[in-house]
>>> print(open('target_39.txt').read())   # compact mmCIF, C-alpha atoms
# COMPACT_ATOMS: atom_id res chain seq x y z
CA MET A 19 239.09 -102.10 -55.40
CA GLU A 20 239.38 -105.90 -55.28
CA SER A 21 235.61 -106.22 -54.79
CA LYS A 22 235.03 -103.82 -57.66
CA ALA A 23 237.27 -105.91 -59.93
CA GLU A 24 235.48 -109.14 -58.97
CA GLY A 25 232.10 -107.52 -59.48
CA LEU A 26 233.08 -106.19 -62.89
CA ALA A 27 234.44 -109.58 -63.91
CA ASP A 28 231.20 -111.30 -62.89
CA ARG A 29 229.06 -108.73 -64.70
CA LEU A 30 231.02 -109.18 -67.94
CA VAL A 31 230.46 -112.97 -68.08
CA PRO A 32 226.82 -112.77 -69.33
CA TYR A 33 227.86 -110.26 -71.99
CA SER A 34 230.62 -112.61 -73.22
CA LEU A 35 228.17 -115.49 -73.43
CA ALA A 36 225.52 -113.32 -75.08
CA GLY A 37 228.09 -112.06 -77.59
CA THR A 38 229.10 -115.62 -78.45
CA ILE A 39 225.50 -116.70 -79.03
CA ALA A 40 224.64 -113.55 -81.00
CA THR A 41 227.71 -113.96 -83.24
CA ALA A 42 226.86 -117.60 -83.91
CA ILE A 43 223.25 -116.70 -84.83
CA LEU A 44 224.07 -113.62 -86.93
CA THR A 45 227.17 -114.83 -88.77
CA ARG A 46 226.52 -118.58 -88.83
CA ASN A 47 230.25 -118.82 -88.26
CA MET A 48 231.19 -120.94 -85.25
CA THR A 49 234.87 -120.05 -85.59
CA LYS A 50 234.13 -116.38 -84.97
CA ALA A 51 231.77 -117.27 -82.13
CA LEU A 52 234.43 -119.45 -80.49
CA SER A 53 236.96 -116.60 -80.79
CA ILE A 54 234.76 -114.60 -78.40
CA LEU A 55 234.20 -117.56 -76.10
CA MET A 56 237.95 -118.18 -75.82
CA VAL A 57 238.49 -114.65 -74.49
CA ASP A 58 237.26 -113.87 -70.98
CA PHE A 59 237.82 -110.76 -68.85
CA SER A 60 237.31 -112.59 -65.56
CA CYS A 61 240.62 -114.44 -65.34
CA ALA A 62 242.95 -111.46 -65.53
CA LEU A 63 240.72 -109.19 -63.44
CA LYS A 64 240.22 -111.71 -60.64
CA LEU A 65 243.86 -112.81 -60.54
CA SER A 66 245.79 -109.59 -61.05
CA MET A 67 244.01 -107.42 -58.46
CA PRO A 68 244.56 -109.69 -55.40
CA LEU A 69 248.12 -110.36 -56.54
CA ALA A 70 248.79 -106.62 -56.77
CA VAL A 71 247.38 -106.04 -53.27
CA LEU A 72 249.26 -108.95 -51.69
CA SER A 73 252.48 -107.80 -53.36
CA ALA A 74 251.96 -104.28 -51.98
CA MET A 75 251.32 -105.64 -48.47
CA LYS A 76 254.51 -107.69 -48.72
CA GLU A 77 256.45 -104.63 -49.88
CA CYS A 78 255.08 -102.70 -46.90
CA SER A 79 256.30 -105.43 -44.55
CA GLN A 80 259.76 -105.19 -46.12
CA ASN A 81 259.67 -101.50 -45.17
CA HIS A 82 258.71 -102.26 -41.53
CA ILE A 83 255.01 -101.58 -42.08
CA THR A 84 252.35 -104.17 -41.27
CA VAL A 85 249.03 -103.72 -43.08
CA LYS A 86 246.02 -105.81 -42.04
CA GLY A 87 244.15 -105.59 -45.35
CA GLY A 88 244.16 -104.14 -48.85
CA LYS A 89 241.30 -101.74 -48.14
CA PHE A 90 243.53 -99.85 -45.72
CA LEU A 91 246.09 -99.23 -48.45
CA GLU A 92 243.25 -97.84 -50.54
CA ALA A 93 242.28 -95.56 -47.64
CA VAL A 94 245.89 -94.35 -47.30
CA ALA A 95 246.02 -93.55 -51.02
CA ASP A 96 242.74 -91.60 -50.89
CA ALA A 97 243.34 -89.83 -47.56
CA ASP A 98 243.49 -86.04 -47.40
CA THR A 99 243.48 -85.67 -43.60
CA LEU A 100 246.09 -87.04 -41.19
CA VAL A 101 245.63 -86.70 -37.42
CA PHE A 102 248.70 -87.06 -35.19
CA ASP A 103 248.98 -87.77 -31.51
CA LYS A 104 251.97 -85.92 -30.00
CA THR A 105 253.72 -87.98 -27.35
CA GLY A 106 255.53 -90.95 -28.85
CA THR A 107 254.38 -90.02 -32.36
CA LEU A 108 255.61 -86.56 -33.35
CA THR A 109 257.94 -86.68 -30.38
CA LYS A 110 260.37 -89.43 -29.48
CA ALA A 111 259.14 -92.44 -27.57
CA GLU A 112 261.71 -91.77 -24.84
CA PRO A 113 260.82 -88.52 -23.02
CA LYS A 114 262.95 -87.53 -20.02
CA ILE A 115 262.35 -85.95 -16.63
CA LYS A 116 264.12 -82.58 -16.64
CA GLU A 117 262.86 -80.96 -13.43
CA ILE A 118 260.86 -81.92 -10.36
CA HIS A 119 259.13 -79.19 -8.37
CA THR A 120 257.88 -80.04 -4.87
CA PHE A 121 255.02 -78.54 -2.85
CA ASN A 122 253.55 -78.64 0.66
CA GLY A 123 256.61 -80.07 2.39
CA TYR A 124 257.26 -83.04 0.12
CA GLU A 125 260.87 -83.89 -0.77
CA ARG A 126 262.04 -84.36 -4.35
CA GLU A 127 263.05 -88.00 -3.79
CA GLU A 128 259.70 -88.81 -2.21
CA VAL A 129 257.77 -87.27 -5.12
CA LEU A 130 259.78 -89.24 -7.68
CA LYS A 131 259.48 -92.45 -5.66
CA ILE A 132 255.69 -92.24 -5.34
CA SER A 133 255.30 -91.20 -8.98
CA ALA A 134 257.38 -94.15 -10.19
CA CYS A 135 255.48 -96.50 -7.89
CA LEU A 136 252.18 -95.45 -9.48
CA GLU A 137 253.33 -95.14 -13.09
CA GLU A 138 255.20 -98.45 -13.38
CA HIS A 139 251.93 -100.30 -14.04
CA PHE A 140 251.12 -98.58 -17.33
CA PRO A 141 252.69 -98.95 -20.82
CA HIS A 142 253.08 -95.32 -21.81
CA SER A 143 256.20 -93.38 -22.78
CA ILE A 144 255.64 -90.77 -20.03
CA ALA A 145 255.21 -93.54 -17.43
CA ARG A 146 258.42 -95.18 -18.63
CA ALA A 147 260.26 -91.85 -18.33
CA VAL A 148 259.25 -91.54 -14.66
CA VAL A 149 260.27 -95.10 -13.84
CA GLN A 150 263.59 -94.77 -15.70
CA GLN A 151 264.44 -91.58 -13.83
CA ALA A 152 263.86 -93.31 -10.50
CA ILE A 153 266.09 -96.21 -11.59
CA LYS A 154 268.76 -93.78 -12.81
CA GLU A 155 268.83 -92.05 -9.43
CA GLY A 156 268.88 -95.37 -7.56
CA ILE A 157 265.51 -94.79 -5.94
CA GLU A 158 263.70 -98.00 -5.01
CA HIS A 159 259.97 -97.72 -5.55
CA LYS A 160 258.48 -100.76 -3.90
CA GLU A 161 254.71 -100.85 -4.02
CA MET A 162 253.21 -98.83 -1.21
CA HIS A 163 249.75 -98.30 -2.65
CA THR A 164 246.48 -100.16 -2.87
CA LYS A 165 244.88 -101.13 -6.19
CA VAL A 166 245.59 -98.60 -8.94
CA GLU A 167 242.90 -97.32 -11.29
CA TYR A 168 243.77 -95.88 -14.69
CA VAL A 169 241.46 -93.05 -15.73
CA VAL A 170 241.78 -92.83 -19.52
CA ALA A 171 243.31 -89.55 -20.73
CA HIS A 172 243.43 -88.23 -17.19
CA GLY A 173 245.78 -90.16 -14.91
CA ILE A 174 246.04 -92.69 -12.12
CA VAL A 175 244.15 -93.02 -8.83
CA SER A 176 245.21 -95.06 -5.81
CA THR A 177 245.60 -94.89 -2.03
CA ILE A 178 248.89 -94.52 -0.15
CA ASN A 179 248.99 -94.77 3.65
CA GLY A 180 245.25 -94.21 3.75
CA GLU A 181 245.41 -91.05 1.63
CA ARG A 182 244.05 -90.66 -1.90
CA ALA A 183 246.94 -90.41 -4.38
CA LEU A 184 246.50 -88.95 -7.85
CA ILE A 185 248.92 -88.46 -10.72
CA GLY A 186 248.06 -87.04 -14.12
CA SER A 187 247.29 -83.90 -16.09
CA TYR A 188 246.40 -80.45 -14.76
CA HIS A 189 242.86 -80.95 -16.02
CA PHE A 190 242.54 -84.16 -14.02
CA ILE A 191 244.20 -82.99 -10.80
CA VAL A 192 242.92 -79.43 -10.50
CA GLU A 193 239.72 -79.24 -12.54
CA ASP A 194 238.26 -82.74 -12.15
CA GLU A 195 239.56 -83.70 -8.70
CA HIS A 196 239.43 -80.11 -7.36
CA ILE A 197 242.84 -80.15 -5.68
CA GLU A 198 243.19 -76.73 -4.12
CA LEU A 199 246.19 -74.58 -5.02
CA SER A 200 247.49 -71.83 -2.76
CA GLU A 201 248.76 -68.55 -4.15
CA GLN A 202 252.29 -69.75 -3.49
CA ASP A 203 251.59 -72.96 -5.43
CA ARG A 204 250.34 -70.96 -8.39
CA GLN A 205 253.36 -68.66 -8.37
CA GLU A 206 255.67 -71.67 -8.34
CA MET A 207 253.76 -73.23 -11.25
CA GLU A 208 254.02 -70.03 -13.29
CA SER A 209 257.80 -70.06 -12.91
CA ILE A 210 258.10 -73.43 -14.70
CA GLU A 211 259.27 -73.18 -18.30
CA LEU A 212 256.39 -73.42 -20.74
CA GLN A 213 257.95 -75.90 -23.19
CA TYR A 214 257.83 -78.78 -20.72
CA SER A 215 255.00 -81.27 -20.50
CA ARG A 216 253.85 -81.62 -16.88
CA LEU A 217 252.76 -84.48 -14.68
CA TYR A 218 250.99 -83.47 -11.45
CA LEU A 219 251.12 -85.53 -8.25
CA ALA A 220 248.60 -84.90 -5.46
CA ILE A 221 248.28 -86.73 -2.14
CA GLY A 222 245.60 -86.28 0.47
CA GLY A 223 243.94 -83.42 -1.39
CA LYS A 224 247.15 -81.38 -1.71
CA LEU A 225 249.60 -80.87 -4.55
CA ALA A 226 252.79 -82.79 -3.80
CA GLY A 227 254.87 -82.25 -6.92
CA ILE A 228 255.11 -81.44 -10.60
CA LEU A 229 257.34 -83.52 -12.85
CA CYS A 230 258.53 -81.55 -15.89
CA ILE A 231 259.07 -83.74 -18.91
CA GLU A 232 261.13 -82.92 -21.95
CA ASP A 233 259.46 -84.49 -24.95
CA PRO A 234 261.96 -83.96 -27.80
CA LEU A 235 260.66 -83.85 -31.35
CA ARG A 236 261.70 -86.51 -33.79
CA GLU A 237 264.43 -85.14 -36.03
CA GLU A 238 262.55 -86.20 -39.16
CA ALA A 239 259.13 -84.84 -38.07
CA ARG A 240 259.25 -81.48 -39.86
CA ASP A 241 260.61 -82.93 -43.10
CA VAL A 242 258.03 -85.73 -43.07
CA ILE A 243 255.18 -83.25 -42.54
CA ASP A 244 256.38 -81.16 -45.50
CA ARG A 245 256.69 -84.24 -47.71
CA LEU A 246 253.23 -85.51 -46.72
CA ARG A 247 251.77 -82.13 -47.64
CA LYS A 248 253.40 -82.43 -51.07
CA LYS A 249 251.89 -85.92 -51.32
CA GLY A 250 248.40 -84.44 -51.25
CA PHE A 251 247.39 -84.17 -47.58
CA THR A 252 245.40 -80.96 -47.13
CA GLN A 253 244.84 -81.27 -43.36
CA LEU A 254 247.72 -82.21 -41.05
CA VAL A 255 246.40 -82.01 -37.50
CA MET A 256 247.81 -82.71 -34.03
CA MET A 257 245.58 -83.62 -31.09
CA THR A 258 247.17 -83.94 -27.66
CA GLY A 259 246.25 -84.01 -24.01
CA ASP A 260 249.16 -81.66 -23.26
CA ASN A 261 248.73 -78.00 -22.36
CA GLU A 262 248.19 -75.21 -24.87
CA ASN A 263 251.74 -73.84 -24.72
CA THR A 264 253.41 -77.21 -25.37
CA ALA A 265 251.00 -78.06 -28.19
CA LYS A 266 251.43 -74.67 -29.84
CA ALA A 267 255.23 -74.90 -29.74
CA VAL A 268 255.25 -78.37 -31.34
CA ALA A 269 252.70 -77.45 -34.03
CA LYS A 270 254.74 -74.39 -35.00
CA LYS A 271 258.02 -76.30 -35.22
CA VAL A 272 256.69 -79.01 -37.54
CA HIS A 273 254.42 -76.78 -39.70
CA LEU A 274 251.10 -78.40 -38.84
CA ASP A 275 247.88 -76.92 -40.21
CA ARG A 276 245.94 -77.18 -36.94
CA TYR A 277 246.37 -78.38 -33.38
CA PHE A 278 244.12 -79.10 -30.41
CA ALA A 279 245.41 -79.11 -26.82
CA GLU A 280 244.08 -80.74 -23.63
CA VAL A 281 241.80 -83.06 -25.57
CA LEU A 282 240.22 -86.28 -24.31
CA PRO A 283 240.05 -89.57 -26.25
CA GLU A 284 236.45 -88.93 -27.21
CA HIS A 285 237.42 -85.52 -28.62
CA LYS A 286 239.92 -87.18 -30.97
CA ALA A 287 237.33 -89.71 -32.10
CA ASP A 288 234.70 -86.96 -32.54
CA PHE A 289 237.07 -84.94 -34.72
CA VAL A 290 237.73 -87.98 -36.91
CA GLU A 291 234.02 -88.77 -37.26
CA GLN A 292 233.17 -85.14 -38.09
CA ALA A 293 235.91 -84.95 -40.72
CA LYS A 294 234.56 -88.15 -42.32
CA LYS A 295 231.04 -86.69 -42.37
CA GLU A 296 232.44 -83.67 -44.20
CA GLY A 297 233.71 -85.97 -46.95
CA HIS A 298 237.34 -86.34 -45.90
CA THR A 299 239.24 -89.62 -45.84
CA VAL A 300 240.99 -89.65 -42.48
CA LEU A 301 244.09 -91.39 -41.15
CA MET A 302 244.93 -91.38 -37.44
CA ILE A 303 248.38 -92.15 -36.07
CA GLY A 304 249.03 -92.66 -32.37
CA ASP A 305 250.64 -94.91 -29.79
CA GLY A 306 248.62 -94.81 -26.59
CA ILE A 307 245.52 -96.23 -24.97
CA ASN A 308 244.03 -92.73 -25.29
CA ASP A 309 244.33 -92.91 -29.09
CA SER A 310 242.39 -96.17 -29.45
CA PRO A 311 238.92 -94.66 -30.04
CA ALA A 312 240.24 -92.38 -32.79
CA LEU A 313 242.32 -95.20 -34.33
CA SER A 314 239.21 -97.36 -34.64
CA SER A 315 237.10 -94.46 -35.98
CA ALA A 316 239.54 -93.47 -38.75
CA ASP A 317 239.40 -94.86 -42.28
CA ALA A 318 242.79 -96.33 -41.40
CA GLY A 319 244.38 -96.25 -37.95
CA ILE A 320 248.18 -96.36 -37.69
CA ALA A 321 250.05 -97.40 -34.53
CA MET A 322 253.69 -96.67 -33.73
CA LYS A 323 256.32 -99.25 -32.78
CA GLU A 324 256.46 -98.40 -29.07
CA GLY A 325 252.69 -98.05 -28.76
CA ALA A 326 250.46 -99.68 -26.18
CA GLN A 327 249.32 -103.19 -27.07
CA ILE A 328 245.67 -102.15 -27.30
CA ALA A 329 246.59 -99.41 -29.79
CA LYS A 330 248.34 -101.98 -31.98
CA GLU A 331 245.37 -104.33 -31.75
CA VAL A 332 242.89 -101.62 -32.74
CA ALA A 333 245.06 -100.10 -35.49
CA ASP A 334 244.79 -101.26 -39.10
CA ILE A 335 248.44 -100.52 -39.84
CA THR A 336 251.48 -100.81 -37.56
CA ILE A 337 254.84 -99.13 -38.12
CA SER A 338 257.57 -101.28 -36.60
CA SER A 339 260.38 -98.84 -37.40
CA ASP A 340 261.02 -95.98 -34.99
CA SER A 341 260.69 -93.33 -37.69
CA LEU A 342 257.93 -91.26 -39.26
CA GLU A 343 259.62 -91.74 -42.65
CA GLN A 344 257.53 -94.89 -43.00
CA LEU A 345 254.42 -92.69 -43.38
CA VAL A 346 255.81 -91.27 -46.62
CA ILE A 347 256.75 -94.76 -47.85
CA LEU A 348 253.28 -96.04 -46.94
CA ARG A 349 251.65 -93.23 -48.92
CA GLU A 350 253.92 -93.88 -51.92
CA ILE A 351 253.24 -97.62 -51.97
CA SER A 352 249.49 -97.05 -51.61
CA GLU A 353 249.38 -94.53 -54.46
CA LEU A 354 251.51 -96.77 -56.69
CA LEU A 355 249.21 -99.71 -55.91
CA MET A 356 246.12 -97.75 -56.95
CA ALA A 357 247.90 -96.64 -60.13
CA ARG A 358 248.84 -100.26 -60.88
CA ILE A 359 245.25 -101.45 -60.35
CA GLN A 360 243.89 -98.76 -62.68
CA ARG A 361 246.52 -99.69 -65.27
CA ASN A 362 245.55 -103.35 -64.95
CA TYR A 363 241.92 -102.42 -65.63
CA ARG A 364 242.88 -100.60 -68.82
CA VAL A 365 245.22 -103.34 -70.05
CA VAL A 366 242.86 -106.23 -69.30
CA ILE A 367 239.80 -104.59 -70.86
CA GLY A 368 241.69 -103.10 -73.80
CA PHE A 369 243.76 -106.16 -74.75
CA ASN A 370 240.93 -108.68 -74.44
CA LEU A 371 238.50 -106.42 -76.28
CA GLY A 372 241.08 -106.21 -79.06
CA LEU A 373 241.28 -110.01 -79.21
CA ILE A 374 237.49 -110.24 -79.49
CA LEU A 375 237.42 -107.73 -82.37
CA LEU A 376 240.24 -109.56 -84.16
CA GLY A 377 238.33 -112.83 -83.73
CA LEU A 378 235.14 -111.27 -85.05
CA GLY A 379 237.01 -110.00 -88.06
CA GLY A 380 238.33 -113.48 -88.75
CA ILE A 381 241.90 -112.23 -88.42
CA ILE A 382 242.91 -114.68 -85.67
CA ALA A 383 241.71 -118.22 -84.93
CA PRO A 384 240.07 -119.29 -81.63
CA ALA A 385 243.20 -121.20 -80.59
CA THR A 386 245.31 -118.07 -81.11
CA SER A 387 242.80 -115.98 -79.12
CA ALA A 388 242.98 -118.48 -76.26
CA LEU A 389 246.79 -118.52 -76.35
CA LEU A 390 247.09 -114.73 -76.35
CA HIS A 391 244.40 -114.37 -73.69
CA ASN A 392 246.07 -116.80 -71.28
CA ALA A 393 249.54 -115.43 -72.01
CA SER A 394 248.35 -111.90 -71.24
CA THR A 395 246.69 -113.08 -68.01
CA LEU A 396 249.97 -114.67 -66.92
CA ALA A 397 251.99 -111.59 -67.91
CA ILE A 398 249.68 -109.19 -66.04
CA GLY A 399 249.70 -111.46 -62.99
CA LEU A 400 253.51 -111.63 -62.93
CA ASP A 401 253.78 -107.87 -63.43
CA SER A 402 251.38 -107.33 -60.51
CA MET A 403 253.81 -109.21 -58.27
CA THR A 404 256.77 -106.91 -58.95
CA LYS A 405 257.85 -104.20 -56.50
CA LEU A 406 255.98 -100.93 -56.72
CA LYS A 407 258.84 -98.75 -55.49
CA LYS A 408 261.03 -100.27 -58.19
CA ASP A 409 258.46 -99.10 -60.76
CA GLN A 410 258.75 -95.61 -59.35
CA GLU A 411 262.56 -95.66 -59.49
CA ASN A 412 262.51 -96.84 -63.12
CA LYS A 413 260.20 -93.96 -64.08
CA LYS A 414 262.66 -91.50 -62.53
>>> encode(input="target_39.txt", output="structure tokens")
Amino acid sequence: MESKAEGLADRLVPYSLAGTIATAILTRNMTKALSILMVDFSCALKLSMPLAVLSAMKECSQNHITVKGGKFLEAVADADTLVFDKTGTLTKAEPKIKEIHTFNGYEREEVLKISACLEEHFPHSIARAVVQQAIKEGIEHKEMHTKVEYVVAHGIVSTINGERALIGSYHFIVEDEHIELSEQDRQEMESIELQYSRLYLAIGGKLAGILCIEDPLREEARDVIDRLRKKGFTQLVMMTGDNENTAKAVAKKVHLDRYFAEVLPEHKADFVEQAKKEGHTVLMIGDGINDSPALSSADAGIAMKEGAQIAKEVADITISSDSLEQLVILREISELLMARIQRNYRVVIGFNLGLILLGLGGIIAPATSALLHNASTLAIGLDSMTKLKKDQENKK
């Protein structure tokens, strides 16, 4: 929008000069010609638009939202599709270990100790939950492994006492790494409550334990989803690496339009790219390393407060408050900014065109045209610096 305003201002300059020359030639009246010359569209257009955008970015920061550029506010205002990650986004950033199931002779304490030892290297809410549980139970988890390797959207690989150690999703442990499960293992897995997210630990080619994680929804999630829908979003989608049952339960509770379970980072990015090809303006909100490809692919990527550092670096917008309410505020500020910019267009063009016509008619002198033109530029600039949310409250 800023570029459009600058382009329009530049394109109008030749017309102003041509109008001045034409008036001087046709009317032989230099006073009327000067009345046109004293009025220029460029000043107000080029000053008011950047001021409006900078003011909106400042207002966002006052609401715990950091925006890296005006074009991202424009994307938020135009967006009709919003893609959510689940863990740490729709759910709280502090999940908790509720149950630990052991297999193949491993003890509960040993499973938690090894899991914490592996997970402590990675900045993810699930990893923090494992480490915090070990600390809570007084279990020391000194490093016992070799170099750890993080497999994006899958899990962690290392070696403990000469045996390959894996921790991650079912897809990673069973389908990718082909850890064999006995009939007894499968029966035990089926007895675990479906609402829990699960972290699988395998050592030496055998399943050692399953950590069941309670990932409580944010209290405001359902209300925020409903309000965003009223704000014009037609597609509210969740994409998560969690299992089908967990994803389905969350999507139902918060009234999402669609959900995708057991997805990889590239699947999230592919969905965003496909939606953009179909003509949608897409926002992506997430907090993890896994979300980075989709955050960078979206028209505007949004990172949560407790997100991984790489997610914050890639994202165009960062929410520093631990609440989804900021999404509604961000949408409101963006829409109000676009409305203000459109209003500025109308006022600048309309008022200055009126001054030109009054000058041509000999009703006002060139000095008066210049005074009114500069006064209006100043007034529009000052108005563009006022709070947008205040404008909304006054209208109510």
>>> residues_around(input="target_39.txt", residues="stretch 256-262 of chain A", least_positions_apart="3", cutoff="10 Å", atoms="all atoms listed in the file", output="PyMOL selection string")
chain A and resi 100-105+107-108+171-172+187-189+212-217+253+265-269+274-283+285-286+289+302-304+308-309
>>> closest_residue(input="target_39.txt", among="A:Ile115, A:Ala97, A:Ile382, A:Cys61", to="A:Leu30", atoms="only C-alpha atoms")
A:Cys61
>>> atom_distance(input="target_39.txt", atom1="atom CA of A:Arg146", atom2="atom CA of A:Lys323")
14.9 Å
>>> closest_residue(input="target_39.txt", among="A:Asn179, A:Thr109, A:Asp244, A:Gly399", to="A:Thr264", atoms="all atoms listed in the file")
A:Thr109
>>> residues_near_point(input="target_39.txt", point="(252.2, -95.1, -46.6)", cutoff="9 Å", atoms="only C-alpha atoms", output="list in words")
Cys78, Ile83, Leu91, Val94, Ala95, Gln344, Leu345, Val346, Ile347, Leu348, Arg349, Glu350, Ile351, Ser352 and Glu353 of chain A
>>> closest_residue(input="target_39.txt", among="A:Gly186, A:Gly156, A:Pro234, A:Gly325", to="A:Ile337", atoms="all atoms listed in the file")
A:Gly325
>>> residues_around(input="target_39.txt", residues="A:Val300", least_positions_apart="2", cutoff="8 Å", atoms="only C-alpha atoms", output="list of chain:residue names")
A:Ala93, A:Ala97, A:Asp98, A:Thr99, A:Leu100, A:Val101, A:Val290, A:Ala293, A:Lys294, A:His298, A:Met302, A:Ala316, A:Asp317, A:Ala318
>>> atom_distance(input="target_39.txt", atom1="atom CA of A:Ser79", atom2="atom CA of A:Gly319")
16.4 Å
